[in-house]
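Beneath this line is the structure, given in C-alpha cells, with notes to follow.
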Amino acid sequence: MNQTARHNVVTDSAESIPENLQHGWQHLPVAAIVTLYISGLQKFVRENLFLFFGAGTGFALSDWFGLRELLLVGGFLLLGGLLIAMIYHRRFQYQVDEQHIRVRSGFFEQKELKVPFERVQTTGMSQPIYMKPLGLTRFTLQTPGASITEVALPGMPSHEAEALRDQIARIHNRPGQGADADSRPDQAENDSAAVESTRQLYSASNWNLFLYGLTSNQIWLMLGFVIGPAVGYLNDFIEDYFEWMQGLALFQALSLYDSPFIILLVVLTLIGIVLAVLMVLSGVLAIVRYSGYQLASQHDGFRSRYGFFDQRENTLKRTKLHSVQLVQTAFGRLLEQWHIIGHQTGVSELASLAGKSQKFMIPGVRNDQVDQLARDLDNHCGTEPDWQVIDPLLQRVLSVRWSLLISGVALLIQWIPTDHSQRLDVISLVLLGLNLAVLWMINLRCKRWGFALMGDVLMIRSGMIGQTIMRFRLQSCQQVRVAQSPLQRKRSIATLHLRLPHGEVSIPWIRLNQASGLANLGLYHVENSALHAL
Amino acid sequence: MNELDSDFYNEVIDVDGLPDYSEAELQPLAGTFGRYILITQAVYWLPFILGALVASWLPFISSSHDYLLVAPIIILALLIYLYRLADARHRGWALREHDLIARSGVWWRSVTTLPVARIQHVETSSGPIERMHRLARLSCYTAGGMTADLVVIGLNADTADQLREHLLEQIRQRDAYGRDEDALPISEQALEEETESESLDFLNQLEDQQDESNFKQDEPDGAPQRRD
C-alpha cells in the first residue's frame with residue numbers, strides 16, 4: 001500500500017504455520033503464471049464474446065482483413081496476455097501468519113488486504129484440469145461485507161492450500177484461539193481428527209446428476225442460445241427437404257405447401273429432436289460439472305467436493321447458512337428430482353447478479369432424500385410442515401385482471417380495419433384460448449403458494465408446476481415489511497415481505513393478523529438474537 | 001443430532017403476547033415538510049411553465065391557444081403536489097427499543113420494520129432546501145445491500161441527528177459486545193486497529209450529546225394510530 005507497509009516484519013509467533021508458509025511475503029509459484037495466463041485468456045474471451053463474434057463476421061466479410069492480419073492481432077493479444085500474466089504474478093504477494101492472511105496485488109496501484117482468519121466465512125478450493133499437472137490449486141476466501149467479499153489466491157501449491165484450509169478450520173474450532181499455539185497437532189493427527197468429526201451427509205450418483213441436468217432450467221437457456229442461430233438453418237433445411245420430397249413420386253400428387261399439418265409435424269419433430277439432444281447434453285454437462293459430488297457435515301459447517309475437469313471444494317460455516325432453498329422444476333417433479341441451494345450471509349443479491357457468488361449447490365437430490373437433507377442443513381428436527389394457504393381472493397383478483405386484459409386486447413383486434421376479418425376472428429379465438437391457459441396457470445400458482453411455521457423455521461412455498469420451498473430461521477431476517485393495497489385493506493389482507501441477507505421473500509395475500517403475527521414473531525427472534533448480528 | 005444440541009432449548013412462545021409493531025404510536029413528519037414539498041415542486045415545475053409560456057411567443061406556434069400549453073402543466077404540477085402532500089400525511093415513523101418502524105404509501109401502504117440488530121450503518125443527509133426548513137433524511141443500511149434499506153424522510157434535523165446518534169450508540173454497544181463473534185463488518189479502512197479505536201473514540205464523543213429518552217416508546221396506550 002505504501003512504502004512503510006512494504007517493509008513489514010513477520011510476527012515471531014509463527015509457530016503454528018506450516019513451514020513453507022513462514023517466509024514472510026511470498027510470490028505464487030512460477031508455474032502459476034501458466035494458470036494466470038490461461039484463466040486470464042478464458043476471462044478475456046468470456047467477457048468479449050460479442051467482440052469475437054463481430055471479429056469473426058468481419059473476418060469472413062471483409063477483404064482487407066486477411067489471415068495475416070488476423071494472426072498478427074491474435075499473436076499480439078496472446079503475447080500481451082502473457083506479459084500481463086507475468087506482471088500480475090510479479091506484483092502478487094501474500095503472507096500468512098497465525099491469525100491473518102495478507103494479500104498484495106494490483107497492476108498499477110498496489111492494494112494490500114489483510115483478512116483475519118476468524119472473519120473468514122467460507123473457503124473454497126478449485127482445481128481446473130490444467131492446474132492438476134502443475135500441482136496448483138486456486139484458493140478463495142469469502143468474508144462478509146459489502147465491498148470485499150472474496151480474496152483469491154490463483155494458483156497455490158495444492159498442499160499449501162490444504163494446509164491453509166485446515167489452519168482456518170482449526171481457528172474456527174477453538175474460540176480462544178492462539179492460546180494453545182505450541183500444542184498444535186501435526187498434519188496427520190489433524191486430518192484424523194477432522195475425519196472423526198466429519199459425517200457424510202449426501203453423495204450424488206452419476207444417474208442422479210444426469211437427471212438433475214435434464215430437469216434443471218438451464219436447458220431453456222441453452223435452447224435460447226441454440227434456437228436463435230438454428231432457426232435460419234432450420235428454415236433452409238426444411239425448404240431443401242420439401243424440394244426433395246416433392247421430387248419423390250409418392251408426394252407428387254400432393255402439393256405440400258398447401259398442407260400445413262405436415263409442415264407443422266415436421267417442424268415439431270425437429271424441435272423435439274433438438275430438445276432431446278439438448279437435454280442429453282445438459283445431463284452430461286451436469287455429470288461433468290458435479291461429478292462425484294460429496295457433501296459432508298463438519299464440526300462447524302459443511303464441505304462439498306465435486307468436479308471432473310474443475311475439481312472444487314467448498315466449505316460453509318453453519319452459522320453463515322441463513323436459508324435453504326429447495327427447488328423442484330416442472331420436469332423435476334416428473335422425475336422426482338430436487339436440488340438444494342444454501343444461501344450464505346454476506347453474499348448479496350448484487351454479487352450473485354454479477355455471477356460472483358458461490359451458491360452452495362446440492363444437485364440431484366431424490367424425493368425421499370430432500371427432507372432429511374434440508375433438516376441436516378438447517379439443523380432443525382421438525383415435524384411434517386402444516387402448510388397454510390394464501391387467501392383465495394388473490395386467485396379471483398388475478399383471474400379477473402388477466403381476463404379483462406386479454407379480452408380487451410381481443411376486442412381491440414376486432415376493431416382493426418382490414419379486409420381479412422376471418423383472420424382477426426382466429427386471432428381473437430387464440431387469445432381466448434390463451435386466456436383459459438392463463439387462468440389455469442393462476443389457479444396452479446395460487447394453490448401452490450403457502451407457508452408453514454415450525455418453531456422458528458419458516459417455510460415459504462411457491463411455484464406453478466414445479467415448486468420452490470425457502471426455509472429459513474426467522475432470526476435471519478434483515479427487515480420486515482407488511483404491505484397492503486386498497487382492496488387488501490378493505491378485506492383485512494396483507495402481503496408480508498421478509499428481507500433475507502441474499503434477497504427478499506414474500507408471502508402474498510394472507511390475513512392481516514397472520515401477517516402481523518409472523519412479522520412480530522420474526523422481529524422477536526431477530527431482536528432476541530441481537531448478538532448474532534449478520 | 002450433533003454437539004450443538006447439548007445447549008439447545010426450545011421454549012414455547014406466546015405469539016399473541018409478543019409486542020405488536022402495529023401498536024407502536026407513529027410520529028408524523030415535521031410540520032415544515034409541507035412547505036418543503038411546495039418549494040421543491042415549484043422549483044421543479046417552474047422551468048416547464050416558463051418554457052410553455054415562452055413557447056407561445058414563438059412565431060411558428062399560433063398564439064391564440066396559450067393556455068393549451070400552460071394549463072396541462074399547471075394541472076399536472078398541482079396533482080403531483082397534492083399527491084406528495086397526501087403521501088407526506090400518510091408517512092410516519094417510530095423508534096422502539098429494538099427497531100425502527102416506518103410507514104409509507106397513499107394507496108399501497110406498507111409498514112417497514114428494521115431491527116437495530118441488523119443495521120450496519122446510519123447516515124443523515126439534507127439538501128439546501130431541506131436545510132432551509134431544518135429537515136433531514138435518515139438512511140439506515142444493512143449488511144450486503146448497496147442501497148439504503150430504510151429511509152425516513154421529512155424528519156426534523158435535530159430529531160434526525162439524535163436518532164442517528166442513538167442508533168450508532170446501539171450499534172457500537174452491540175459490536176463491542178459481540179467483538180469475538182463476527183459483528184464488525186470488514187472493510188479496507190477498518191483493517192488497521194488504530195483507525196478502529198479512533199473511530200470508537202469519535203463515537204464516544206458523539207454519545208455525550210445524545211438524549212435518547214425522548215425517543216423511547218412507552219407502553220402503547222389505546223388503539224393503533226391509523227389515519228383515515
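Identifiers in the C-alpha cells: chain A, B, ... in order shown; residue index from 1 per chain; ligand index from 1 in order shown.
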Need to verify the contact set: B:Arg89, 9 Å, only C-alpha atoms, exclusion of same-chain residues closer than 5 positions in sequence. Can you return it as a PyMOL selection string? chain B and resi 28-29+34+84+106+227
As a list in words, list the residues of stretch 15-52 of chain B assigned to helix (DSSP H, G or I) by DSSP on the backbone atoms of this structure.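 Taking stretch 15-52 of chain B and keeping helix (DSSP H, G or I) only, one gets Val15, Asp16, Gly17, Tyr21, Ser22, Glu23, Phe33, Gly34, Arg35, Tyr36, Ile37, Leu38, Ile39, Thr40, Gln41, Ala42, Val43, Tyr44, Trp45, Leu46, Pro47, Phe48, Ile49, Leu50, Gly51 and Ala52 of chain B.
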Under the rule that only C-alpha atoms are counted, which of B:Pro72, B:Gly154, B:Pro115, B:Gly31 is the nearest residue to chain A? B:Pro115
List the neighbours of stretch 369-371 of chain A out to 9 Å using only C-alpha atoms; skip same-chain residues closer than 2 positions along the sequence, and give me the result as a compact mmCIF listing (two decimals) with all heavy atoms, in the first residue's frame.
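To be explicit, this is the file written out as result-v5.txt:
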```txt
# COMPACT_ATOMS: atom_id res chain seq x y z
N TYR A 202 -24.39 -36.72 2.16
CA TYR A 202 -25.04 -36.97 0.89
C TYR A 202 -23.98 -37.15 -0.19
O TYR A 202 -22.94 -36.49 -0.17
CB TYR A 202 -25.92 -35.77 0.55
CG TYR A 202 -26.43 -35.73 -0.87
CD1 TYR A 202 -27.45 -36.59 -1.28
CD2 TYR A 202 -25.89 -34.85 -1.79
CE1 TYR A 202 -27.90 -36.55 -2.57
CE2 TYR A 202 -26.35 -34.81 -3.09
CZ TYR A 202 -27.35 -35.66 -3.47
OH TYR A 202 -27.80 -35.63 -4.76
N LEU A 326 -35.16 -25.19 -1.47
CA LEU A 326 -35.38 -26.47 -2.12
C LEU A 326 -36.10 -26.21 -3.43
O LEU A 326 -37.16 -25.58 -3.43
CB LEU A 326 -36.24 -27.38 -1.25
CG LEU A 326 -35.92 -27.40 0.25
CD1 LEU A 326 -36.95 -28.23 0.97
CD2 LEU A 326 -34.54 -27.98 0.46
N GLN A 337 -37.07 -35.19 -8.81
CA GLN A 337 -35.75 -34.65 -8.59
C GLN A 337 -35.83 -33.27 -7.96
O GLN A 337 -36.68 -32.47 -8.32
CB GLN A 337 -35.03 -34.49 -9.94
CG GLN A 337 -34.45 -35.75 -10.47
CD GLN A 337 -33.18 -36.10 -9.74
OE1 GLN A 337 -32.34 -35.25 -9.51
NE2 GLN A 337 -33.06 -37.35 -9.36
N TRP A 338 -34.93 -33.01 -7.04
CA TRP A 338 -34.82 -31.69 -6.43
C TRP A 338 -33.39 -31.24 -6.54
O TRP A 338 -32.48 -32.03 -6.76
CB TRP A 338 -35.16 -31.74 -4.94
CG TRP A 338 -36.55 -32.09 -4.60
CD1 TRP A 338 -37.11 -33.32 -4.68
CD2 TRP A 338 -37.55 -31.21 -4.11
NE1 TRP A 338 -38.41 -33.25 -4.27
CE2 TRP A 338 -38.71 -31.97 -3.91
CE3 TRP A 338 -37.58 -29.85 -3.81
CZ2 TRP A 338 -39.89 -31.42 -3.43
CZ3 TRP A 338 -38.75 -29.30 -3.34
CH2 TRP A 338 -39.89 -30.08 -3.16
N HIS A 339 -33.16 -29.95 -6.36
CA HIS A 339 -31.83 -29.54 -5.97
C HIS A 339 -31.97 -28.52 -4.84
O HIS A 339 -33.00 -27.88 -4.69
CB HIS A 339 -30.99 -29.02 -7.14
CG HIS A 339 -31.53 -27.80 -7.82
ND1 HIS A 339 -32.36 -27.87 -8.91
CD2 HIS A 339 -31.34 -26.50 -7.57
CE1 HIS A 339 -32.67 -26.65 -9.30
NE2 HIS A 339 -32.07 -25.78 -8.51
N ILE A 340 -30.91 -28.41 -4.07
CA ILE A 340 -30.95 -27.57 -2.87
C ILE A 340 -29.89 -26.49 -3.00
O ILE A 340 -28.77 -26.77 -3.44
CB ILE A 340 -30.69 -28.42 -1.60
CG1 ILE A 340 -31.76 -29.51 -1.49
CG2 ILE A 340 -30.69 -27.55 -0.37
CD1 ILE A 340 -31.60 -30.39 -0.28
N VAL A 365 -30.96 -34.31 -5.92
CA VAL A 365 -31.49 -34.91 -4.69
C VAL A 365 -32.82 -35.59 -5.00
O VAL A 365 -33.68 -35.01 -5.65
CB VAL A 365 -31.69 -33.82 -3.62
CG1 VAL A 365 -32.15 -34.43 -2.33
CG2 VAL A 365 -30.42 -33.04 -3.42
N ARG A 366 -32.96 -36.81 -4.54
CA ARG A 366 -34.21 -37.54 -4.80
C ARG A 366 -35.30 -37.12 -3.81
O ARG A 366 -35.02 -36.57 -2.75
CB ARG A 366 -33.97 -39.06 -4.67
CG ARG A 366 -33.16 -39.65 -5.79
CD ARG A 366 -33.31 -41.17 -5.78
NE ARG A 366 -33.19 -41.71 -4.42
CZ ARG A 366 -32.04 -42.09 -3.89
NH1 ARG A 366 -30.92 -41.95 -4.58
NH2 ARG A 366 -31.98 -42.57 -2.67
N ASN A 367 -36.53 -37.40 -4.20
CA ASN A 367 -37.68 -37.05 -3.37
C ASN A 367 -37.54 -37.51 -1.93
O ASN A 367 -37.87 -36.80 -0.99
CB ASN A 367 -38.94 -37.71 -3.95
CG ASN A 367 -39.79 -36.71 -4.68
OD1 ASN A 367 -39.40 -35.55 -4.82
ND2 ASN A 367 -40.94 -37.15 -5.15
N LEU A 373 -32.22 -34.09 4.20
CA LEU A 373 -31.07 -33.24 3.88
C LEU A 373 -31.32 -31.80 4.32
O LEU A 373 -30.45 -31.15 4.90
CB LEU A 373 -30.82 -33.31 2.38
CG LEU A 373 -29.41 -33.06 1.90
CD1 LEU A 373 -28.40 -33.82 2.72
CD2 LEU A 373 -29.29 -33.42 0.44
N ALA A 374 -32.55 -31.33 4.06
CA ALA A 374 -32.87 -29.96 4.45
C ALA A 374 -32.78 -29.82 5.96
O ALA A 374 -32.27 -28.83 6.48
CB ALA A 374 -34.26 -29.59 3.96
N ARG A 375 -33.23 -30.86 6.68
CA ARG A 375 -33.15 -30.80 8.14
C ARG A 375 -31.72 -30.83 8.62
O ARG A 375 -31.36 -30.14 9.57
CB ARG A 375 -33.91 -31.99 8.74
CG ARG A 375 -35.38 -31.74 8.74
CD ARG A 375 -36.10 -32.95 9.24
NE ARG A 375 -37.50 -32.87 8.87
CZ ARG A 375 -38.37 -33.77 9.18
NH1 ARG A 375 -38.00 -34.83 9.86
NH2 ARG A 375 -39.61 -33.63 8.83
N ASP A 376 -30.89 -31.63 7.96
CA ASP A 376 -29.47 -31.65 8.34
C ASP A 376 -28.85 -30.28 8.13
O ASP A 376 -28.01 -29.84 8.90
CB ASP A 376 -28.72 -32.67 7.48
CG ASP A 376 -28.98 -34.08 7.95
OD1 ASP A 376 -29.38 -34.24 9.11
OD2 ASP A 376 -28.79 -35.02 7.15
```
